[in-house]
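Okay, entry_18.tsv is below, TSV, C-alpha atoms (C1' of nucleotides):
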```
chain	number	residue	atom	x	y	z
T	1364	MET	CA	-14.58	-16.34	4.56
T	1365	ALA	CA	-12.40	-15.43	1.61
T	1366	LEU	CA	-12.76	-11.86	0.39
T	1367	PHE	CA	-11.40	-10.33	-2.77
T	1368	LEU	CA	-10.37	-6.76	-2.11
T	1369	SER	CA	-8.58	-3.99	-3.97
T	1370	THR	CA	-7.63	-3.68	-7.62
T	1371	PHE	CA	-4.47	-5.00	-9.21
T	1372	VAL	CA	-3.21	-4.36	-12.73
T	1373	ASN	CA	-0.97	-7.11	-14.10
T	1374	LYS	CA	0.60	-7.69	-17.49
T	1375	VAL	CA	-0.37	-10.35	-19.98
T	1376	ASP	CA	2.71	-11.86	-21.58
T	1377	LYS	CA	2.87	-13.11	-25.15
T	1378	LYS	CA	1.89	-16.57	-24.06
T	1379	GLY	CA	-1.36	-15.19	-22.65
T	1380	ARG	CA	-0.27	-15.69	-19.07
T	1381	VAL	CA	-1.06	-13.32	-16.22
T	1382	SER	CA	-0.23	-13.43	-12.54
T	1383	VAL	CA	-3.20	-13.81	-10.22
T	1384	PRO	CA	-2.67	-11.28	-7.41
T	1385	ALA	CA	-1.00	-12.89	-4.44
T	1386	THR	CA	-3.74	-11.81	-2.04
T	1387	PHE	CA	-6.39	-13.43	-4.25
T	1388	ARG	CA	-4.42	-16.64	-4.29
T	1389	ALA	CA	-4.07	-16.44	-0.53
T	1390	ALA	CA	-7.83	-16.04	-0.20
T	1391	LEU	CA	-8.35	-19.25	-2.18
T	1392	SER	CA	-5.49	-21.23	-0.70
T	1393	PRO	CA	-7.71	-23.18	1.77
T	1394	GLN	CA	-9.72	-24.58	-1.12
T	1395	ALA	CA	-9.26	-27.89	-2.83
T	1396	PHE	CA	-9.04	-26.50	-6.35
T	1397	GLN	CA	-5.92	-24.35	-6.60
T	1398	GLY	CA	-7.08	-21.94	-9.24
T	1399	ILE	CA	-9.89	-19.62	-10.25
T	1400	VAL	CA	-13.13	-19.88	-12.20
T	1401	LEU	CA	-13.87	-17.39	-14.97
T	1402	TYR	CA	-16.92	-16.68	-17.11
T	1403	ARG	CA	-17.98	-13.86	-19.37
T	1404	SER	CA	-20.17	-11.18	-17.84
T	1405	PHE	CA	-23.64	-10.73	-19.31
T	1406	THR	CA	-23.88	-7.09	-18.46
T	1407	ALA	CA	-20.45	-5.61	-19.06
T	1408	PRO	CA	-17.38	-6.08	-21.23
T	1409	CYS	CA	-15.55	-7.83	-18.45
T	1410	ILE	CA	-14.88	-11.27	-17.00
T	1411	GLU	CA	-16.45	-12.53	-13.82
T	1412	GLY	CA	-14.14	-14.47	-11.53
T	1413	CYS	CA	-14.52	-16.46	-8.36
T	1414	GLY	CA	-13.32	-19.48	-6.48
T	1415	MET	CA	-14.72	-22.94	-6.88
T	1416	ASP	CA	-16.60	-22.64	-3.58
T	1417	PHE	CA	-18.65	-19.80	-5.00
T	1418	MET	CA	-19.66	-21.90	-7.99
T	1419	GLU	CA	-20.81	-24.60	-5.63
T	1420	ARG	CA	-22.92	-22.11	-3.73
T	1421	LEU	CA	-24.31	-20.82	-6.99
T	1422	SER	CA	-25.29	-24.35	-7.80
T	1423	ASP	CA	-27.04	-24.70	-4.45
T	1424	GLY	CA	-28.82	-21.39	-4.97
T	1425	ALA	CA	-30.05	-22.35	-8.40
T	1426	GLN	CA	-31.67	-25.46	-7.01
T	1427	THR	CA	-33.01	-23.98	-3.79
T	1428	PHE	CA	-34.55	-20.72	-4.87
T	1429	ASP	CA	-36.36	-21.92	-7.94
T	1430	ALA	CA	-39.62	-20.37	-6.73
T	1431	PHE	CA	-38.56	-16.99	-7.99
T	1432	SER	CA	-36.09	-17.92	-10.46
T	1433	ALA	CA	-36.90	-19.50	-13.71
T	1434	GLU	CA	-34.79	-16.60	-14.80
T	1435	GLN	CA	-32.00	-17.21	-12.38
T	1436	GLU	CA	-31.86	-20.86	-13.25
T	1437	ASN	CA	-31.39	-20.02	-16.89
T	1438	ILE	CA	-28.68	-17.61	-16.04
T	1439	SER	CA	-26.80	-19.94	-13.79
T	1440	ALA	CA	-27.05	-22.57	-16.48
T	1441	LEU	CA	-25.40	-20.15	-18.84
T	1442	ILE	CA	-22.73	-19.46	-16.28
T	1443	PHE	CA	-21.93	-23.08	-15.72
T	1444	ALA	CA	-21.72	-23.64	-19.44
T	1445	ASP	CA	-19.41	-20.72	-19.96
T	1446	ALA	CA	-17.27	-21.13	-16.87
T	1447	ARG	CA	-13.73	-22.36	-16.99
T	1448	GLN	CA	-11.53	-23.68	-14.24
T	1449	LEU	CA	-8.10	-22.19	-14.60
T	1450	PRO	CA	-5.49	-23.67	-12.27
T	1451	TRP	CA	-2.49	-21.49	-11.68
T	1452	ASP	CA	1.05	-22.62	-12.37
T	1453	PRO	CA	3.77	-22.82	-9.70
T	1454	GLU	CA	4.39	-19.07	-10.11
T	1455	GLY	CA	0.72	-18.23	-9.58
T	1456	ARG	CA	-0.16	-17.46	-13.19
T	1457	ILE	CA	-3.12	-18.52	-15.30
T	1458	VAL	CA	-3.53	-18.63	-19.06
T	1459	LEU	CA	-6.39	-16.49	-20.29
T	1460	PRO	CA	-8.34	-18.20	-23.10
T	1461	GLU	CA	-8.83	-16.39	-26.40
T	1462	ASP	CA	-12.58	-15.71	-26.21
T	1463	ILE	CA	-12.18	-14.43	-22.67
T	1464	LEU	CA	-9.56	-11.96	-23.80
T	1465	ALA	CA	-11.80	-10.92	-26.67
T	1466	HIS	CA	-14.89	-10.39	-24.54
T	1467	ALA	CA	-13.05	-7.98	-22.26
T	1468	ALA	CA	-11.10	-6.41	-25.14
T	1469	VAL	CA	-7.89	-7.11	-23.30
T	1470	ALA	CA	-4.63	-6.09	-24.89
T	1471	GLU	CA	-1.46	-6.07	-22.87
T	1472	SER	CA	-2.64	-5.87	-19.28
T	1473	VAL	CA	-5.67	-6.64	-17.14
T	1474	ALA	CA	-7.16	-5.26	-13.95
T	1475	PHE	CA	-8.25	-7.70	-11.25
T	1476	VAL	CA	-11.08	-5.87	-9.47
T	1477	GLY	CA	-12.10	-7.20	-6.06
T	1478	LYS	CA	-15.87	-7.39	-5.47
T	1479	GLY	CA	-16.05	-9.10	-2.14
T	1480	GLN	CA	-16.87	-12.74	-2.62
T	1481	THR	CA	-16.10	-12.49	-6.32
T	1482	PHE	CA	-13.92	-10.40	-8.58
T	1483	GLN	CA	-13.87	-9.13	-12.14
T	1484	ILE	CA	-11.23	-8.84	-14.82
T	1485	TRP	CA	-11.26	-5.69	-16.94
T	1486	GLU	CA	-9.24	-3.95	-19.55
T	1487	PRO	CA	-7.70	-1.35	-17.20
T	1488	ALA	CA	-8.78	1.74	-19.14
T	1489	ALA	CA	-12.33	0.46	-19.53
T	1490	TYR	CA	-12.63	-0.11	-15.81
T	1491	LYS	CA	-11.34	3.33	-15.03
T	1492	VAL	CA	-14.25	4.81	-17.00
T	1493	VAL	CA	-16.87	2.65	-15.31
T	1494	GLU	CA	-15.43	3.29	-11.89
T	1495	ALA	CA	-15.52	7.04	-12.41
T	1496	GLU	CA	-19.21	6.84	-13.37
T	1497	ILE	CA	-20.18	4.87	-10.31
T	1498	ARG	CA	-18.13	7.09	-8.05
T	1499	ALA	CA	-19.82	10.19	-9.42
T	1500	ARG	CA	-23.25	8.67	-8.82
T	1501	ALA	CA	-22.26	7.61	-5.31
T	1502	LEU	CA	-21.34	11.18	-4.47
T	1503	GLN	CA	-24.82	12.37	-5.36
T	1504	SER	CA	-26.98	9.74	-3.76
T	1505	ARG	CA	-25.16	9.51	-0.41
T	1506	PRO	CA	-25.78	5.82	-0.29
T	1507	THR	CA	-26.48	3.89	2.85
T	1508	LEU	CA	-24.81	0.55	3.15
T	1509	PRO	CA	-26.85	-2.34	4.41
T	1510	LEU	CA	-25.07	-3.70	7.44
T	1511	ARG	CA	-26.43	-6.83	8.92
T	1512	PRO	CA	-26.36	-7.06	12.73
T	1513	LYS	CA	-23.49	-9.15	13.84
T	1514	GLY	CA	-24.99	-12.44	14.90
T	1515	GLY	CA	-28.72	-12.09	14.45
T	1516	ALA	CA	-31.06	-13.02	11.64
T	1517	PRO	CA	-32.33	-10.23	9.37
A	1135	MET	CA	-16.93	-6.33	19.26
A	1136	ALA	CA	-13.98	-4.19	18.31
A	1137	LEU	CA	-14.26	-0.53	19.21
A	1138	PHE	CA	-12.03	2.24	17.97
A	1139	LEU	CA	-11.80	5.16	20.37
A	1140	SER	CA	-9.83	8.36	20.71
A	1141	THR	CA	-7.55	10.08	18.24
A	1142	PHE	CA	-3.87	9.39	17.69
A	1143	VAL	CA	-1.40	11.30	15.57
A	1144	ASN	CA	1.54	9.24	14.26
A	1145	LYS	CA	4.38	9.99	11.89
A	1146	VAL	CA	4.77	8.64	8.39
A	1147	ASP	CA	8.39	7.70	7.68
A	1148	LYS	CA	10.05	7.96	4.30
A	1149	LYS	CA	9.06	4.42	3.42
A	1150	GLY	CA	5.42	5.38	3.89
A	1151	ARG	CA	5.11	3.41	7.09
A	1152	VAL	CA	3.01	4.47	10.06
A	1153	SER	CA	2.34	2.82	13.40
A	1154	VAL	CA	-1.23	1.71	13.96
A	1155	PRO	CA	-2.21	2.84	17.47
A	1156	ALA	CA	-1.67	0.05	19.96
A	1157	THR	CA	-5.26	0.19	21.21
A	1158	PHE	CA	-6.57	-0.22	17.65
A	1159	ARG	CA	-4.36	-3.23	17.17
A	1160	ALA	CA	-5.56	-4.65	20.46
A	1161	ALA	CA	-9.16	-4.22	19.34
A	1162	LEU	CA	-8.45	-6.27	16.22
A	1163	SER	CA	-6.19	-8.86	17.80
A	1164	PRO	CA	-8.89	-11.57	18.08
A	1165	GLN	CA	-9.40	-11.51	14.32
A	1166	ALA	CA	-7.89	-13.85	11.80
A	1167	PHE	CA	-6.45	-11.14	9.59
A	1168	GLN	CA	-3.83	-9.24	11.57
A	1169	GLY	CA	-4.10	-5.87	9.90
A	1170	ILE	CA	-6.53	-3.21	8.83
A	1171	VAL	CA	-8.60	-2.46	5.74
A	1172	LEU	CA	-8.53	1.02	4.21
A	1173	TYR	CA	-10.53	2.69	1.45
A	1174	ARG	CA	-10.97	6.22	0.26
A	1175	SER	CA	-13.97	8.10	1.60
A	1176	PHE	CA	-16.52	9.13	-1.03
A	1177	THR	CA	-17.45	12.32	0.70
A	1178	ALA	CA	-14.37	13.66	2.45
A	1179	PRO	CA	-10.62	13.96	1.93
A	1180	CYS	CA	-9.94	11.17	4.37
A	1181	ILE	CA	-9.46	7.42	4.52
A	1182	GLU	CA	-12.00	5.04	5.97
A	1183	GLY	CA	-10.57	2.23	8.04
A	1184	CYS	CA	-11.93	-0.92	9.62
A	1185	GLY	CA	-11.14	-4.52	10.43
A	1186	MET	CA	-11.67	-7.45	8.13
A	1187	ASP	CA	-14.76	-8.52	10.07
A	1188	PHE	CA	-16.42	-5.29	9.09
A	1189	MET	CA	-15.76	-6.00	5.43
A	1190	GLU	CA	-17.25	-9.44	5.80
A	1191	ARG	CA	-20.40	-7.94	7.25
A	1192	LEU	CA	-20.47	-5.55	4.35
A	1193	SER	CA	-20.18	-8.48	2.02
A	1194	ASP	CA	-23.12	-10.22	3.70
A	1195	GLY	CA	-25.20	-7.08	3.59
A	1196	ALA	CA	-24.50	-6.50	-0.06
A	1197	GLN	CA	-25.71	-10.00	-0.86
A	1198	THR	CA	-23.11	-10.45	-3.52
A	1199	PHE	CA	-24.27	-14.01	-3.64
A	1200	ASP	CA	-27.45	-12.91	-5.36
A	1201	ALA	CA	-25.37	-11.72	-8.23
A	1202	PHE	CA	-28.17	-10.23	-10.29
A	1203	SER	CA	-29.78	-7.63	-8.05
A	1204	ALA	CA	-27.41	-4.83	-8.82
A	1205	GLU	CA	-28.84	-2.02	-6.73
A	1206	GLN	CA	-26.61	-1.36	-3.74
A	1207	GLU	CA	-24.01	-3.67	-5.19
A	1208	ASN	CA	-22.52	-0.81	-7.13
A	1209	ILE	CA	-21.69	1.05	-3.99
A	1210	SER	CA	-20.24	-1.79	-2.00
A	1211	ALA	CA	-18.48	-3.02	-5.11
A	1212	LEU	CA	-16.75	0.31	-5.26
A	1213	ILE	CA	-15.58	-0.12	-1.71
A	1214	PHE	CA	-14.33	-3.64	-2.28
A	1215	ALA	CA	-12.49	-2.56	-5.40
A	1216	ASP	CA	-10.89	0.35	-3.61
A	1217	ALA	CA	-10.17	-1.38	-0.33
A	1218	ARG	CA	-6.71	-2.56	0.63
A	1219	GLN	CA	-5.77	-5.20	3.14
A	1220	LEU	CA	-2.81	-3.84	5.01
A	1221	PRO	CA	-1.26	-6.32	7.43
A	1222	TRP	CA	0.93	-4.76	10.04
A	1223	ASP	CA	4.55	-5.72	10.52
A	1224	PRO	CA	5.96	-7.13	13.79
A	1225	GLU	CA	6.26	-3.56	15.10
A	1226	GLY	CA	2.60	-2.81	14.35
A	1227	ARG	CA	3.15	-0.61	11.32
A	1228	ILE	CA	1.40	-0.55	7.96
A	1229	VAL	CA	2.54	0.91	4.65
A	1230	LEU	CA	0.20	3.57	3.30
A	1231	PRO	CA	-0.15	3.27	-0.50
A	1232	GLU	CA	0.51	6.28	-2.69
A	1233	ASP	CA	-3.03	7.00	-3.85
A	1234	ILE	CA	-4.29	6.69	-0.29
A	1235	LEU	CA	-1.81	9.28	0.87
A	1236	ALA	CA	-2.78	11.53	-2.02
A	1237	HIS	CA	-6.52	11.30	-1.36
A	1238	ALA	CA	-6.09	12.46	2.22
A	1239	ALA	CA	-3.37	14.97	1.29
A	1240	VAL	CA	-1.11	13.38	3.87
A	1241	ALA	CA	2.40	14.75	4.26
A	1242	GLU	CA	4.44	13.77	7.30
A	1243	SER	CA	1.90	12.56	9.83
A	1244	VAL	CA	-1.62	11.17	10.05
A	1245	ALA	CA	-4.43	11.23	12.58
A	1246	PHE	CA	-6.21	7.97	13.43
A	1247	VAL	CA	-9.72	9.03	14.43
A	1248	GLY	CA	-11.82	6.45	16.25
A	1249	LYS	CA	-15.43	6.20	15.07
A	1250	GLY	CA	-16.69	3.25	17.06
A	1251	GLN	CA	-16.78	0.21	14.81
A	1252	THR	CA	-14.67	1.96	12.22
A	1253	PHE	CA	-12.07	4.71	12.16
A	1254	GLN	CA	-10.78	7.34	9.79
A	1255	ILE	CA	-7.35	8.57	8.80
A	1256	TRP	CA	-6.92	12.31	8.27
A	1257	GLU	CA	-4.23	14.80	7.64
A	1258	PRO	CA	-4.07	16.16	11.21
A	1259	ALA	CA	-4.64	19.82	10.34
A	1260	ALA	CA	-7.54	18.99	8.04
A	1261	TYR	CA	-9.21	16.98	10.78
A	1262	LYS	CA	-8.84	19.77	13.27
A	1263	VAL	CA	-10.88	22.02	11.00
A	1264	VAL	CA	-13.58	19.44	10.38
A	1265	GLU	CA	-13.79	18.56	14.04
A	1266	ALA	CA	-14.30	22.18	15.00
A	1267	GLU	CA	-17.12	22.50	12.50
A	1268	ILE	CA	-18.90	19.42	13.73
A	1269	ARG	CA	-18.46	20.46	17.32
A	1270	ALA	CA	-19.92	23.89	16.59
A	1271	ARG	CA	-22.92	22.39	14.84
A	1272	ALA	CA	-23.47	19.93	17.66
A	1273	LEU	CA	-23.69	22.78	20.14
A	1274	GLN	CA	-26.61	24.23	18.24
A	1275	SER	CA	-28.62	21.21	17.28
A	1276	ARG	CA	-28.32	19.13	20.50
A	1277	PRO	CA	-28.20	15.76	18.79
A	1278	THR	CA	-29.38	12.66	20.60
A	1279	LEU	CA	-27.81	9.27	20.43
A	1280	PRO	CA	-30.21	6.35	20.35
A	1281	LEU	CA	-29.28	4.10	23.24
A	1282	ARG	CA	-30.63	0.63	23.24
A	1283	PRO	CA	-31.55	-0.60	26.75
A	1284	LYS	CA	-29.34	-3.42	27.81
A	1285	GLY	CA	-32.07	-5.64	29.19
A	1286	GLY	CA	-33.19	-4.01	32.41
A	1287	ALA	CA	-35.32	-0.96	33.05
A	1288	PRO	CA	-33.76	2.47	32.53
Q	1071	DT	C1'	6.29	-35.03	-35.90
Q	1072	DG	C1'	4.49	-30.53	-35.30
Q	1073	DT	C1'	1.98	-27.98	-31.98
Q	1074	DT	C1'	0.49	-26.89	-27.71
Q	1075	DT	C1'	0.60	-26.99	-22.82
Q	1076	DA	C1'	2.79	-27.07	-18.43
Q	1077	DC	C1'	6.96	-26.79	-15.67
Q	1078	DC	C1'	11.59	-24.87	-14.46
Q	1079	DC	C1'	14.88	-21.31	-13.73
Q	1080	DA	C1'	16.38	-16.42	-13.78
Q	1081	DT	C1'	15.80	-11.45	-12.57
Q	1082	DG	C1'	14.61	-6.89	-10.84
Q	1083	DA	C1'	11.79	-4.36	-8.09
Q	1084	DT	C1'	9.26	-4.06	-4.14
Q	1085	DA	C1'	7.88	-4.97	0.35
Q	1086	DT	C1'	8.67	-7.56	4.63
Q	1087	DC	C1'	11.35	-8.73	8.48
Q	1088	DC	C1'	14.88	-7.91	11.98
Q	1089	DC	C1'	17.50	-5.17	14.97
Q	1090	DA	C1'	18.40	-0.77	17.36
Q	1091	DT	C1'	16.99	3.64	19.68
Q	1092	DG	C1'	14.47	6.83	22.44
Q	1093	DA	C1'	10.70	8.57	24.80
Q	1094	DA	C1'	6.62	8.14	27.55
Q	1095	DC	C1'	4.23	5.85	30.81
Q	1096	DA	C1'	3.27	2.91	34.66
Q	1097	DC	C1'	4.85	0.50	38.38
Q	1098	DC	C1'	7.56	-0.40	42.50
Q	1099	DC	C1'	9.85	0.55	46.60
Q	1100	DA	C1'	11.84	3.28	49.90
J	1111	DT	C1'	5.42	11.27	48.00
J	1112	DG	C1'	9.34	11.16	45.19
J	1113	DG	C1'	12.80	8.92	42.89
J	1114	DG	C1'	14.18	4.97	40.44
J	1115	DT	C1'	13.27	1.20	37.29
J	1116	DG	C1'	11.18	-1.62	33.92
J	1117	DT	C1'	8.13	-2.11	30.05
J	1118	DT	C1'	5.50	-0.72	26.27
J	1119	DC	C1'	5.24	1.83	22.21
J	1120	DA	C1'	6.49	4.75	18.33
J	1121	DT	C1'	10.28	5.44	15.19
J	1122	DG	C1'	14.57	4.75	12.03
J	1123	DG	C1'	17.53	2.16	8.94
J	1124	DG	C1'	19.75	-2.01	6.87
J	1125	DA	C1'	19.16	-6.92	5.33
J	1126	DT	C1'	16.24	-10.47	3.40
J	1127	DA	C1'	12.26	-12.69	1.23
J	1128	DT	C1'	8.32	-12.30	-1.86
J	1129	DC	C1'	6.18	-11.23	-6.02
J	1130	DA	C1'	5.42	-10.09	-10.84
J	1131	DT	C1'	7.54	-10.99	-15.06
J	1132	DG	C1'	10.34	-13.03	-18.95
J	1133	DG	C1'	12.15	-16.73	-21.47
J	1134	DG	C1'	13.76	-21.63	-22.11
J	1135	DT	C1'	12.71	-26.56	-22.15
J	1136	DA	C1'	10.48	-30.85	-21.58
J	1137	DA	C1'	6.21	-33.41	-21.62
J	1138	DA	C1'	1.45	-34.16	-23.59
J	1139	DC	C1'	-1.46	-34.14	-27.33
J	1140	DA	C1'	-3.10	-34.58	-32.03
```

Show me the file's structure as structure tokens.
Amino acid sequence: MALFLSTFVNKVDKKGRVSVPATFRAALSPQAFQGIVLYRSFTAPCIEGCGMDFMERLSDGAQTFDAFSAEQENISALIFADARQLPWDPEGRIVLPEDILAHAAVAESVAFVGKGQTFQIWEPAAYKVVEAEIRARALQSRPTLPLRPKGGAP
Amino acid sequence: MALFLSTFVNKVDKKGRVSVPATFRAALSPQAFQGIVLYRSFTAPCIEGCGMDFMERLSDGAQTFDAFSAEQENISALIFADARQLPWDPEGRIVLPEDILAHAAVAESVAFVGKGQTFQIWEPAAYKVVEAEIRARALQSRPTLPLRPKGGAP
DNA sequence: TGTTTACCCATGATATCCCATGAACACCCA
DNA sequence: TGGGTGTTCATGGGATATCATGGGTAAACA
């Protein structure tokens, strides 16, 4: 399974291009669509990113779990409407659309933040602030991470 | 399942490279990603280390797929954002990034400390102190390890 | 025909690979 | 049992490839 790890800060050139981190591209290389999918976050001034496979699974989830999720269905509808497929060029760069840049208040560089099966794109300084907050809270609460047993069902 | 045992102290050369202990590499050799994953500990001046399979289990446990239940996601998100995939070279070495070195206050050598399914990387002197403390406390409190019966009677 | 989009080439910095060395360990054989 | 030998492993340095980045140019679109 493809995992997005670590955080990379890359520059946005005057054409609006930015290199997708090589490891992210590598994680998506088995997929048919050679590029990434972006949509604006509802909860933060950042961009949500993922591979096409994740969108397909989101689509499955929206149809399968509709017992709970009148809410979730609305949200995934919003996501699909807002999402953009951005193929990368031969050098591994994508062009960030205007409204995307605006939503994340991006100026001259962006931070690709790995989140496991997805990632986010932040204005680097803004992410630094958010990260510090979460890290401070984590120190207090001594969180326990839910680890699923290796082969078994929950 | 991969198990990390024992403690190894290896040198960091001027390029920031350090040999991953051969037994650790052997434990991870069945995996697709030939390398280790490192992230900064929240609670101690050391580096947490594991194999990619462990990160995948973390990803499953965090249920990133259900993108709107943001409870424990913050914590695991922090790990994913901080984590680095470090593939080893043909000689079995990895390059320790700057901020990683700084967090553990590493100078010229590091201690790989086996922790079962994960391991830690310490500045050797710092670990010696911590180990002594833990050992002293263990003498007093007589901790018990929960052992699951393998299938037969005890 | 003007504008935008996508491809091509160039470049510097960084990281990856390749070879060499030395020490520790295990193994073999007398 | 002791010496010799071979292999594995940690370590060091030089050469090469990869990656992020910048700009130019041709094709697609309106």

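From atom CA of T:Phe1371 back to atom CA of A:Ala1156, the distance works out to 29.7 Å.
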
*Of the listed residues A:Arg1159, A:Glu1225, A:Phe1188, A:Gly1183, that which approaches chain J most closely, counting all atoms listed in the file*: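 Counting all atoms listed in the file, the residue closest to chain J is A:Glu1225.
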
*Using all atoms listed in the file, find which residues of chain A lie within 10 Å of chain Q and jot them down as a list in words.*
Lys1149, Trp1222, Asp1223, Pro1224, Glu1225 and Val1229 of chain A

_Report the Cα RMSD between chain T and chain A after least-squares superposition, pairing every C-alpha atom in order._
2.9 Å

_Residues of chain A within 6 Å of chain T, only C-alpha atoms counted, as a PyMOL selection string_ = chain A and resi 1192-1193+1195+1211+1214-1218

Please, could you write that set of residues out with C-alpha atoms as a PDB file, keeping the file's coordinate frame?
```pdb
ATOM      1  CA  LEU A1192     -20.470  -5.550   4.350  1.00  0.00           C
ATOM      2  CA  SER A1193     -20.180  -8.480   2.020  1.00  0.00           C
ATOM      3  CA  GLY A1195     -25.200  -7.080   3.590  1.00  0.00           C
ATOM      4  CA  ALA A1211     -18.480  -3.020  -5.110  1.00  0.00           C
ATOM      5  CA  PHE A1214     -14.330  -3.640  -2.280  1.00  0.00           C
ATOM      6  CA  ALA A1215     -12.490  -2.560  -5.400  1.00  0.00           C
ATOM      7  CA  ASP A1216     -10.890   0.350  -3.610  1.00  0.00           C
ATOM      8  CA  ALA A1217     -10.170  -1.380  -0.330  1.00  0.00           C
ATOM      9  CA  ARG A1218      -6.710  -2.560   0.630  1.00  0.00           C
TER      10      ARG A1218
END
```

Counting only C-alpha atoms (C1' of nucleotides), which residues in chain J sit no more than 12 Å from chain A? For each one, give the nearest pair of atoms and the distance in Å, sorted by chain then residue number, as CSV.
```
residue,atom,partner,partner_atom,distance
J:DT1118,C1',A:Ala1156,CA,9.6
J:DC1119,C1',A:Ala1156,CA,7.5
J:DA1120,C1',A:Ser1153,CA,6.7
J:DT1121,C1',A:Asp1147,CA,8.1
J:DG1122,C1',A:Asp1147,CA,8.1
J:DG1123,C1',A:Lys1149,CA,10.4
```

*In Å to one decimal, how far is atom CA of T:Gln1397 from atom C1' of J:DG1134?*
25.2 Å

*Work out how far apart atom CA of T:Gly1414 and atom CA of T:Ile1399 are and give it in Å to one decimal.*
5.1 Å
